[in-house]
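Here's the structure, in structure tokens; my notes come after.
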There are 2 protein chains.
Amino acid sequence: MLEKTMRVNALYDFYQLLLTPKQQEYMTLYYLNDYSLGEIAEVCDVSRQAVYDNLKRTEVMLEAFEDKLALFKKYQERLKLFSELKSAIQLADPNGETAGILKKLENLD
Amino acid sequence: MLEKTMRVNALYDFYQLLLTPKQQEYMTLYYLNDYSLGEIAEVCDVSRQAVYDNLKRTEVMLEAFEDKLALFKKYQERLKLFSELKSAIQLADPNGETAGILKKLENLD
């Protein structure tokens with residue numbers, strides 16, 4: 001369950017701007033602010049079921065975006081390669097001239 | 001005009017999977033296979049205007065995806081940083097131990 005929450009959070013990071021404002025609101029309350037379904041229903045003046053359905057649909061959409069664009073998967077692969085590159089560079093370039101460029105590359109994600 | 005075509009092509013590379021099959025078909029015929037609007041209309045058995053409207057809508061959608069995800073912009077920034085990194089590494093690591101890792105990083109885009 002925790003693993004699933006972490007994955008939804010990560011996918012949300014990458015794709016939130018492709019969601020509607022309403023979807024973003026429910027996702028933020030539920031996954032980032034840790035509201036319960038009942039609390040969101042009360043705050044937004046809708047039924048608990050409506051919140052649940054919206055969140056489930058959003059999760060399906062996030063996985064569909066990931067299937068198509070694979071931004072999270074590529075990000076993870078990039079992290080791994082950055083780490084390998086850093087080790088290799090540390091040996092070859094102890095003065096760290098390349099470190100600044102690598103940092104910029106990492107910050108692009 | 002050529003610049004615009006190149007940009008649409010690039011955005012299409014990044015976001016084509018977020019488009020409908022029909023949008024992908026028209027875009028491929030027009031931008032990749034260089035069909036005219038009239039030729040697409042004939043092949044797909046629709047009006048020339050319908051093809052035009054679909055293509056225009058698709059271009060607007062591609063720019064909207066880029067506004068939100070900036071994949072093309074980040075790709076260009078990454079290319080620039082890869083190039084800087086390569087120059088810096090070439091000085092520090094003439095035996096090229098890091099070259100293989102850099103290649104893998106570039107291939108992620």
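Here, A, B, ... name the chains of the structure tokens in the order displayed, residue numbers run from 1 inside each chain, and ligands are numbered from 1 in the same displayed order.
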
Discussion item. For the helix (DSSP H, G or I) assignment from backbone DSSP, which residues of stretch 12-98 of chain A qualify? Please present them as a PyMOL selection string.
Written reply: chain A and resi 12-18+21-32+37-44+48-69+71-92

Can I have chain A aligned to chain B? Use a least-squares fit on all Cα atoms paired in order and write it out as a short mmCIF file (atom, residue, chain, number, x, y, z; two decimals) with N, CA, C and O atoms, in the first residue's frame.
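Saved file out_1.cif follows:
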data_model
loop_
_atom_site.label_atom_id
_atom_site.label_comp_id
_atom_site.auth_asym_id
_atom_site.auth_seq_id
_atom_site.Cartn_x
_atom_site.Cartn_y
_atom_site.Cartn_z
N MET A 1 8.31 29.42 -41.97
CA MET A 1 7.43 28.27 -42.22
C MET A 1 8.17 26.95 -41.98
O MET A 1 7.67 26.07 -41.31
N LEU A 2 9.42 26.88 -42.51
CA LEU A 2 10.20 25.67 -42.30
C LEU A 2 10.46 25.46 -40.81
O LEU A 2 10.38 24.35 -40.28
N GLU A 3 10.72 26.60 -40.13
CA GLU A 3 11.00 26.53 -38.70
C GLU A 3 9.78 26.01 -37.94
O GLU A 3 9.89 25.20 -37.03
N LYS A 4 8.62 26.48 -38.36
CA LYS A 4 7.37 26.03 -37.73
C LYS A 4 7.17 24.53 -37.96
O LYS A 4 6.82 23.78 -37.05
N THR A 5 7.42 24.09 -39.19
CA THR A 5 7.27 22.65 -39.51
C THR A 5 8.22 21.81 -38.65
O THR A 5 7.83 20.76 -38.14
N MET A 6 9.45 22.30 -38.50
CA MET A 6 10.42 21.54 -37.69
C MET A 6 9.97 21.46 -36.24
O MET A 6 10.12 20.43 -35.59
N ARG A 7 9.40 22.57 -35.74
CA ARG A 7 8.94 22.58 -34.35
C ARG A 7 7.76 21.61 -34.17
O ARG A 7 7.73 20.85 -33.22
N VAL A 8 6.80 21.66 -35.09
CA VAL A 8 5.64 20.75 -35.00
C VAL A 8 6.13 19.30 -35.05
O VAL A 8 5.67 18.45 -34.28
N ASN A 9 7.05 19.02 -35.94
CA ASN A 9 7.62 17.67 -36.04
C ASN A 9 8.27 17.23 -34.72
O ASN A 9 8.10 16.10 -34.28
N ALA A 10 9.02 18.15 -34.11
CA ALA A 10 9.70 17.82 -32.86
C ALA A 10 8.68 17.57 -31.75
O ALA A 10 8.77 16.58 -31.01
N LEU A 11 7.69 18.46 -31.65
CA LEU A 11 6.67 18.28 -30.62
C LEU A 11 5.90 16.98 -30.85
O LEU A 11 5.56 16.26 -29.90
N TYR A 12 5.66 16.67 -32.12
CA TYR A 12 4.96 15.43 -32.45
C TYR A 12 5.76 14.22 -31.98
O TYR A 12 5.20 13.25 -31.45
N ASP A 13 7.06 14.27 -32.14
CA ASP A 13 7.94 13.19 -31.65
C ASP A 13 7.70 12.92 -30.17
O ASP A 13 7.67 11.78 -29.73
N PHE A 14 7.56 13.99 -29.40
CA PHE A 14 7.45 13.83 -27.95
C PHE A 14 6.04 13.45 -27.49
O PHE A 14 5.88 12.74 -26.51
N TYR A 15 5.04 13.95 -28.19
CA TYR A 15 3.67 13.84 -27.64
C TYR A 15 2.70 13.03 -28.48
O TYR A 15 1.52 12.97 -28.17
N GLN A 16 3.18 12.39 -29.54
CA GLN A 16 2.23 11.73 -30.45
C GLN A 16 1.34 10.71 -29.75
O GLN A 16 0.17 10.54 -30.11
N LEU A 17 1.88 10.04 -28.72
CA LEU A 17 1.08 8.99 -28.07
C LEU A 17 -0.07 9.56 -27.24
O LEU A 17 -0.95 8.82 -26.81
N LEU A 18 -0.05 10.88 -27.01
CA LEU A 18 -1.17 11.49 -26.29
C LEU A 18 -2.29 11.90 -27.26
O LEU A 18 -3.33 12.38 -26.82
N LEU A 19 -2.07 11.74 -28.54
CA LEU A 19 -3.08 12.12 -29.54
C LEU A 19 -3.96 10.92 -29.91
O LEU A 19 -3.60 9.78 -29.65
N THR A 20 -5.09 11.20 -30.53
CA THR A 20 -5.97 10.11 -30.99
C THR A 20 -5.36 9.48 -32.24
O THR A 20 -4.54 10.10 -32.94
N PRO A 21 -5.76 8.24 -32.57
CA PRO A 21 -5.27 7.58 -33.78
C PRO A 21 -5.55 8.42 -35.04
O PRO A 21 -4.69 8.52 -35.92
N LYS A 22 -6.70 9.05 -35.09
CA LYS A 22 -7.04 9.89 -36.25
C LYS A 22 -6.08 11.08 -36.36
O LYS A 22 -5.57 11.40 -37.44
N GLN A 23 -5.82 11.72 -35.22
CA GLN A 23 -4.87 12.85 -35.23
C GLN A 23 -3.49 12.38 -35.66
O GLN A 23 -2.82 13.05 -36.45
N GLN A 24 -3.09 11.23 -35.17
CA GLN A 24 -1.77 10.69 -35.54
C GLN A 24 -1.70 10.41 -37.04
O GLN A 24 -0.68 10.65 -37.68
N GLU A 25 -2.81 9.90 -37.58
CA GLU A 25 -2.83 9.56 -39.00
C GLU A 25 -2.66 10.82 -39.87
O GLU A 25 -1.80 10.87 -40.76
N TYR A 26 -3.46 11.86 -39.56
CA TYR A 26 -3.35 13.10 -40.35
C TYR A 26 -1.97 13.74 -40.20
O TYR A 26 -1.38 14.22 -41.17
N MET A 27 -1.45 13.75 -38.95
CA MET A 27 -0.14 14.36 -38.71
C MET A 27 0.96 13.63 -39.48
O MET A 27 1.85 14.25 -40.06
N THR A 28 0.89 12.29 -39.47
CA THR A 28 1.90 11.50 -40.17
C THR A 28 1.86 11.76 -41.66
O THR A 28 2.89 11.98 -42.31
N LEU A 29 0.64 11.76 -42.21
CA LEU A 29 0.51 11.99 -43.65
C LEU A 29 1.00 13.39 -44.03
O LEU A 29 1.74 13.56 -44.99
N TYR A 30 0.60 14.39 -43.23
CA TYR A 30 0.91 15.77 -43.59
C TYR A 30 2.38 16.13 -43.30
O TYR A 30 3.08 16.64 -44.18
N TYR A 31 2.84 15.86 -42.10
CA TYR A 31 4.17 16.33 -41.71
C TYR A 31 5.30 15.35 -42.04
O TYR A 31 6.41 15.75 -42.32
N LEU A 32 5.01 14.06 -41.97
CA LEU A 32 6.10 13.10 -42.24
C LEU A 32 6.10 12.64 -43.70
O LEU A 32 7.13 12.50 -44.31
N ASN A 33 4.90 12.40 -44.25
CA ASN A 33 4.85 11.89 -45.63
C ASN A 33 4.61 12.99 -46.67
O ASN A 33 4.48 12.70 -47.86
N ASP A 34 4.46 14.24 -46.16
CA ASP A 34 4.36 15.39 -47.05
C ASP A 34 3.15 15.34 -48.01
O ASP A 34 3.21 15.85 -49.12
N TYR A 35 2.06 14.73 -47.58
CA TYR A 35 0.80 14.79 -48.36
C TYR A 35 0.24 16.21 -48.29
O TYR A 35 0.43 16.92 -47.30
N SER A 36 -0.51 16.59 -49.31
CA SER A 36 -1.26 17.86 -49.24
C SER A 36 -2.57 17.63 -48.50
O SER A 36 -3.00 16.48 -48.31
N LEU A 37 -3.21 18.73 -48.08
CA LEU A 37 -4.52 18.61 -47.42
C LEU A 37 -5.50 17.86 -48.32
O LEU A 37 -6.26 17.00 -47.87
N GLY A 38 -5.48 18.20 -49.62
CA GLY A 38 -6.40 17.57 -50.58
C GLY A 38 -6.16 16.06 -50.70
O GLY A 38 -7.12 15.27 -50.76
N GLU A 39 -4.89 15.68 -50.71
CA GLU A 39 -4.56 14.25 -50.80
C GLU A 39 -5.03 13.48 -49.56
O GLU A 39 -5.57 12.37 -49.67
N ILE A 40 -4.83 14.09 -48.39
CA ILE A 40 -5.28 13.42 -47.15
C ILE A 40 -6.80 13.29 -47.17
O ILE A 40 -7.36 12.25 -46.82
N ALA A 41 -7.48 14.38 -47.59
CA ALA A 41 -8.95 14.35 -47.67
C ALA A 41 -9.41 13.19 -48.55
O ALA A 41 -10.35 12.47 -48.20
N GLU A 42 -8.72 13.00 -49.67
CA GLU A 42 -9.11 11.94 -50.60
C GLU A 42 -8.85 10.56 -49.98
O GLU A 42 -9.74 9.69 -49.97
N VAL A 43 -7.66 10.38 -49.45
CA VAL A 43 -7.30 9.08 -48.85
C VAL A 43 -8.24 8.72 -47.71
O VAL A 43 -8.64 7.56 -47.56
N CYS A 44 -8.59 9.71 -46.88
CA CYS A 44 -9.38 9.43 -45.67
C CYS A 44 -10.88 9.63 -45.89
O CYS A 44 -11.67 9.46 -44.95
N ASP A 45 -11.25 10.04 -47.08
CA ASP A 45 -12.65 10.22 -47.44
C ASP A 45 -13.37 11.22 -46.52
O ASP A 45 -14.44 10.93 -45.97
N VAL A 46 -12.72 12.36 -46.30
CA VAL A 46 -13.33 13.46 -45.53
C VAL A 46 -13.08 14.75 -46.30
O VAL A 46 -12.34 14.75 -47.31
N SER A 47 -13.67 15.86 -45.83
CA SER A 47 -13.46 17.13 -46.55
C SER A 47 -12.07 17.69 -46.23
O SER A 47 -11.48 17.38 -45.19
N ARG A 48 -11.58 18.51 -47.17
CA ARG A 48 -10.30 19.17 -46.98
C ARG A 48 -10.33 20.02 -45.70
O ARG A 48 -9.37 20.09 -44.95
N GLN A 49 -11.49 20.68 -45.49
CA GLN A 49 -11.65 21.53 -44.30
C GLN A 49 -11.54 20.72 -43.01
O GLN A 49 -10.94 21.18 -42.03
N ALA A 50 -12.10 19.51 -43.03
CA ALA A 50 -12.05 18.66 -41.83
C ALA A 50 -10.60 18.30 -41.50
O ALA A 50 -10.19 18.31 -40.33
N VAL A 51 -9.82 18.00 -42.53
CA VAL A 51 -8.40 17.68 -42.32
C VAL A 51 -7.67 18.90 -41.75
O VAL A 51 -6.93 18.80 -40.76
N TYR A 52 -7.93 20.05 -42.37
CA TYR A 52 -7.29 21.30 -41.94
C TYR A 52 -7.60 21.59 -40.47
O TYR A 52 -6.71 21.87 -39.66
N ASP A 53 -8.90 21.50 -40.12
CA ASP A 53 -9.32 21.79 -38.74
C ASP A 53 -8.67 20.83 -37.75
O ASP A 53 -8.21 21.23 -36.68
N ASN A 54 -8.64 19.57 -38.12
CA ASN A 54 -8.04 18.56 -37.25
C ASN A 54 -6.55 18.86 -37.03
O ASN A 54 -6.05 18.83 -35.89
N LEU A 55 -5.83 19.17 -38.10
CA LEU A 55 -4.39 19.46 -37.98
C LEU A 55 -4.14 20.70 -37.12
O LEU A 55 -3.24 20.72 -36.29
N LYS A 56 -4.97 21.74 -37.32
CA LYS A 56 -4.79 22.97 -36.54
C LYS A 56 -5.04 22.69 -35.05
O LYS A 56 -4.30 23.16 -34.19
N ARG A 57 -6.11 21.94 -34.76
CA ARG A 57 -6.42 21.60 -33.37
C ARG A 57 -5.27 20.80 -32.76
O ARG A 57 -4.89 20.99 -31.60
N THR A 58 -4.72 19.89 -33.55
CA THR A 58 -3.62 19.05 -33.06
C THR A 58 -2.40 19.92 -32.73
O THR A 58 -1.74 19.73 -31.70
N GLU A 59 -2.10 20.87 -33.61
CA GLU A 59 -0.95 21.74 -33.36
C GLU A 59 -1.14 22.53 -32.06
O GLU A 59 -0.18 22.69 -31.29
N VAL A 60 -2.37 23.00 -31.83
CA VAL A 60 -2.65 23.72 -30.58
C VAL A 60 -2.45 22.80 -29.38
O VAL A 60 -1.86 23.18 -28.36
N MET A 61 -2.91 21.55 -29.52
CA MET A 61 -2.75 20.59 -28.42
C MET A 61 -1.28 20.29 -28.15
O MET A 61 -0.85 20.20 -26.99
N LEU A 62 -0.49 20.15 -29.22
CA LEU A 62 0.94 19.87 -29.05
C LEU A 62 1.62 21.01 -28.28
O LEU A 62 2.43 20.77 -27.38
N GLU A 63 1.27 22.25 -28.62
CA GLU A 63 1.86 23.39 -27.91
C GLU A 63 1.38 23.41 -26.45
O GLU A 63 2.14 23.80 -25.55
N ALA A 64 0.15 23.00 -26.22
CA ALA A 64 -0.38 22.97 -24.84
C ALA A 64 0.36 21.91 -24.03
O ALA A 64 0.72 22.14 -22.86
N PHE A 65 0.63 20.74 -24.64
CA PHE A 65 1.41 19.71 -23.93
C PHE A 65 2.80 20.24 -23.60
O PHE A 65 3.31 20.02 -22.50
N GLU A 66 3.40 20.94 -24.55
CA GLU A 66 4.75 21.47 -24.34
C GLU A 66 4.74 22.53 -23.23
O GLU A 66 5.67 22.59 -22.42
N ASP A 67 3.70 23.37 -23.21
CA ASP A 67 3.58 24.36 -22.13
C ASP A 67 3.57 23.67 -20.77
O ASP A 67 4.12 24.18 -19.79
N LYS A 68 2.90 22.51 -20.72
CA LYS A 68 2.74 21.84 -19.43
C LYS A 68 3.93 20.96 -19.06
O LYS A 68 4.36 20.94 -17.92
N LEU A 69 4.46 20.20 -20.01
CA LEU A 69 5.51 19.23 -19.68
C LEU A 69 6.92 19.67 -20.12
O LEU A 69 7.91 19.18 -19.59
N ALA A 70 6.99 20.56 -21.11
CA ALA A 70 8.29 21.11 -21.57
C ALA A 70 9.31 20.03 -21.95
O ALA A 70 10.51 20.21 -21.73
N LEU A 71 8.85 18.91 -22.51
CA LEU A 71 9.79 17.83 -22.84
C LEU A 71 10.78 18.23 -23.92
O LEU A 71 11.95 17.89 -23.86
N PHE A 72 10.30 18.97 -24.93
CA PHE A 72 11.20 19.39 -26.02
C PHE A 72 12.21 20.40 -25.51
O PHE A 72 13.41 20.31 -25.82
N LYS A 73 11.74 21.35 -24.71
CA LYS A 73 12.64 22.38 -24.15
C LYS A 73 13.73 21.72 -23.29
O LYS A 73 14.91 22.04 -23.41
N LYS A 74 13.31 20.78 -22.43
CA LYS A 74 14.29 20.10 -21.57
C LYS A 74 15.26 19.27 -22.41
O LYS A 74 16.43 19.16 -22.08
N TYR A 75 14.74 18.67 -23.48
CA TYR A 75 15.59 17.88 -24.36
C TYR A 75 16.69 18.76 -24.96
O TYR A 75 17.86 18.38 -25.00
N GLN A 76 16.30 19.95 -25.41
CA GLN A 76 17.28 20.86 -26.01
C GLN A 76 18.33 21.30 -24.97
O GLN A 76 19.52 21.37 -25.26
N GLU A 77 17.85 21.59 -23.75
CA GLU A 77 18.79 21.99 -22.69
C GLU A 77 19.74 20.85 -22.36
O GLU A 77 20.94 21.05 -22.11
N ARG A 78 19.19 19.62 -22.36
CA ARG A 78 20.00 18.44 -22.06
C ARG A 78 21.09 18.26 -23.13
O ARG A 78 22.24 17.98 -22.81
N LEU A 79 20.70 18.44 -24.40
CA LEU A 79 21.67 18.31 -25.49
C LEU A 79 22.84 19.25 -25.28
O LEU A 79 24.00 18.89 -25.46
N LYS A 80 22.51 20.50 -24.90
CA LYS A 80 23.54 21.51 -24.70
C LYS A 80 24.47 21.11 -23.55
O LYS A 80 25.70 21.18 -23.66
N LEU A 81 23.87 20.64 -22.45
CA LEU A 81 24.67 20.25 -21.29
C LEU A 81 25.50 19.00 -21.58
O LEU A 81 26.63 18.88 -21.12
N PHE A 82 24.92 18.07 -22.36
CA PHE A 82 25.70 16.88 -22.75
C PHE A 82 26.95 17.30 -23.51
O PHE A 82 28.03 16.75 -23.31
N SER A 83 26.77 18.25 -24.39
CA SER A 83 27.88 18.70 -25.20
C SER A 83 28.97 19.34 -24.32
O SER A 83 30.16 19.06 -24.48
N GLU A 84 28.56 20.18 -23.36
CA GLU A 84 29.53 20.79 -22.43
C GLU A 84 30.23 19.72 -21.61
O GLU A 84 31.45 19.75 -21.38
N LEU A 85 29.42 18.75 -21.15
CA LEU A 85 29.96 17.69 -20.31
C LEU A 85 30.99 16.87 -21.07
O LEU A 85 32.05 16.52 -20.55
N LYS A 86 30.68 16.59 -22.34
CA LYS A 86 31.60 15.81 -23.17
C LYS A 86 32.95 16.52 -23.31
O LYS A 86 34.00 15.89 -23.20
N SER A 87 32.90 17.82 -23.55
CA SER A 87 34.15 18.58 -23.69
C SER A 87 34.94 18.53 -22.39
O SER A 87 36.16 18.32 -22.40
N ALA A 88 34.25 18.73 -21.27
CA ALA A 88 34.94 18.73 -19.97
C ALA A 88 35.53 17.36 -19.67
O ALA A 88 36.63 17.25 -19.15
N ILE A 89 34.76 16.32 -20.00
CA ILE A 89 35.22 14.96 -19.70
C ILE A 89 36.40 14.57 -20.59
O ILE A 89 37.34 13.90 -20.15
N GLN A 90 36.35 15.01 -21.83
CA GLN A 90 37.42 14.67 -22.77
C GLN A 90 38.79 15.12 -22.23
O GLN A 90 39.78 14.43 -22.40
N LEU A 91 38.78 16.26 -21.57
CA LEU A 91 40.02 16.76 -20.97
C LEU A 91 40.42 15.93 -19.76
O LEU A 91 41.59 15.61 -19.56
N ALA A 92 39.43 15.58 -18.96
CA ALA A 92 39.73 14.93 -17.68
C ALA A 92 39.88 13.42 -17.81
O ALA A 92 40.51 12.79 -16.99
N ASP A 93 39.26 12.84 -18.83
CA ASP A 93 39.20 11.38 -18.93
C ASP A 93 39.48 10.95 -20.37
O ASP A 93 38.58 10.47 -21.08
N PRO A 94 40.73 11.15 -20.81
CA PRO A 94 41.04 10.88 -22.23
C PRO A 94 40.83 9.42 -22.62
O PRO A 94 40.64 9.12 -23.79
N ASN A 95 40.86 8.52 -21.64
CA ASN A 95 40.65 7.11 -21.98
C ASN A 95 39.17 6.79 -22.20
O ASN A 95 38.82 5.70 -22.66
N GLY A 96 38.30 7.73 -21.81
CA GLY A 96 36.90 7.62 -22.18
C GLY A 96 36.11 6.57 -21.41
O GLY A 96 35.20 5.96 -21.95
N GLU A 97 36.44 6.37 -20.13
CA GLU A 97 35.67 5.41 -19.34
C GLU A 97 34.23 5.88 -19.18
O GLU A 97 33.31 5.07 -19.06
N THR A 98 34.04 7.18 -19.16
CA THR A 98 32.71 7.74 -18.92
C THR A 98 31.87 7.83 -20.19
O THR A 98 30.66 8.05 -20.12
N ALA A 99 32.49 7.64 -21.34
CA ALA A 99 31.78 7.86 -22.60
C ALA A 99 30.57 6.94 -22.76
O ALA A 99 29.51 7.34 -23.24
N GLY A 100 30.74 5.69 -22.33
CA GLY A 100 29.64 4.71 -22.47
C GLY A 100 28.43 5.11 -21.65
O GLY A 100 27.29 4.97 -22.11
N ILE A 101 28.67 5.61 -20.44
CA ILE A 101 27.56 6.02 -19.58
C ILE A 101 26.85 7.24 -20.17
O ILE A 101 25.62 7.32 -20.20
N LEU A 102 27.65 8.17 -20.66
CA LEU A 102 27.07 9.38 -21.27
C LEU A 102 26.19 9.00 -22.45
O LEU A 102 25.11 9.55 -22.65
N LYS A 103 26.64 8.06 -23.24
CA LYS A 103 25.89 7.61 -24.42
C LYS A 103 24.52 7.06 -23.99
O LYS A 103 23.49 7.37 -24.57
N LYS A 104 24.52 6.26 -22.92
CA LYS A 104 23.26 5.71 -22.42
C LYS A 104 22.32 6.83 -21.97
O LYS A 104 21.12 6.77 -22.20
N LEU A 105 22.88 7.84 -21.31
CA LEU A 105 22.08 8.97 -20.84
C LEU A 105 21.43 9.69 -22.02
O LEU A 105 20.25 10.02 -22.00
N GLU A 106 22.21 9.90 -23.06
CA GLU A 106 21.69 10.60 -24.24
C GLU A 106 20.59 9.79 -24.91
O GLU A 106 19.61 10.34 -25.41
N ASN A 107 20.76 8.47 -24.92
CA ASN A 107 19.79 7.62 -25.60
C ASN A 107 18.45 7.55 -24.89
O ASN A 107 17.47 7.05 -25.46
N LEU A 108 18.40 8.03 -23.66
CA LEU A 108 17.12 8.02 -22.92
C LEU A 108 16.11 8.97 -23.53
O LEU A 108 14.91 8.82 -23.34
N ASP A 109 16.56 9.97 -24.26
CA ASP A 109 15.61 10.95 -24.82
C ASP A 109 14.98 10.42 -26.11
O ASP A 109 15.56 9.62 -26.79
#
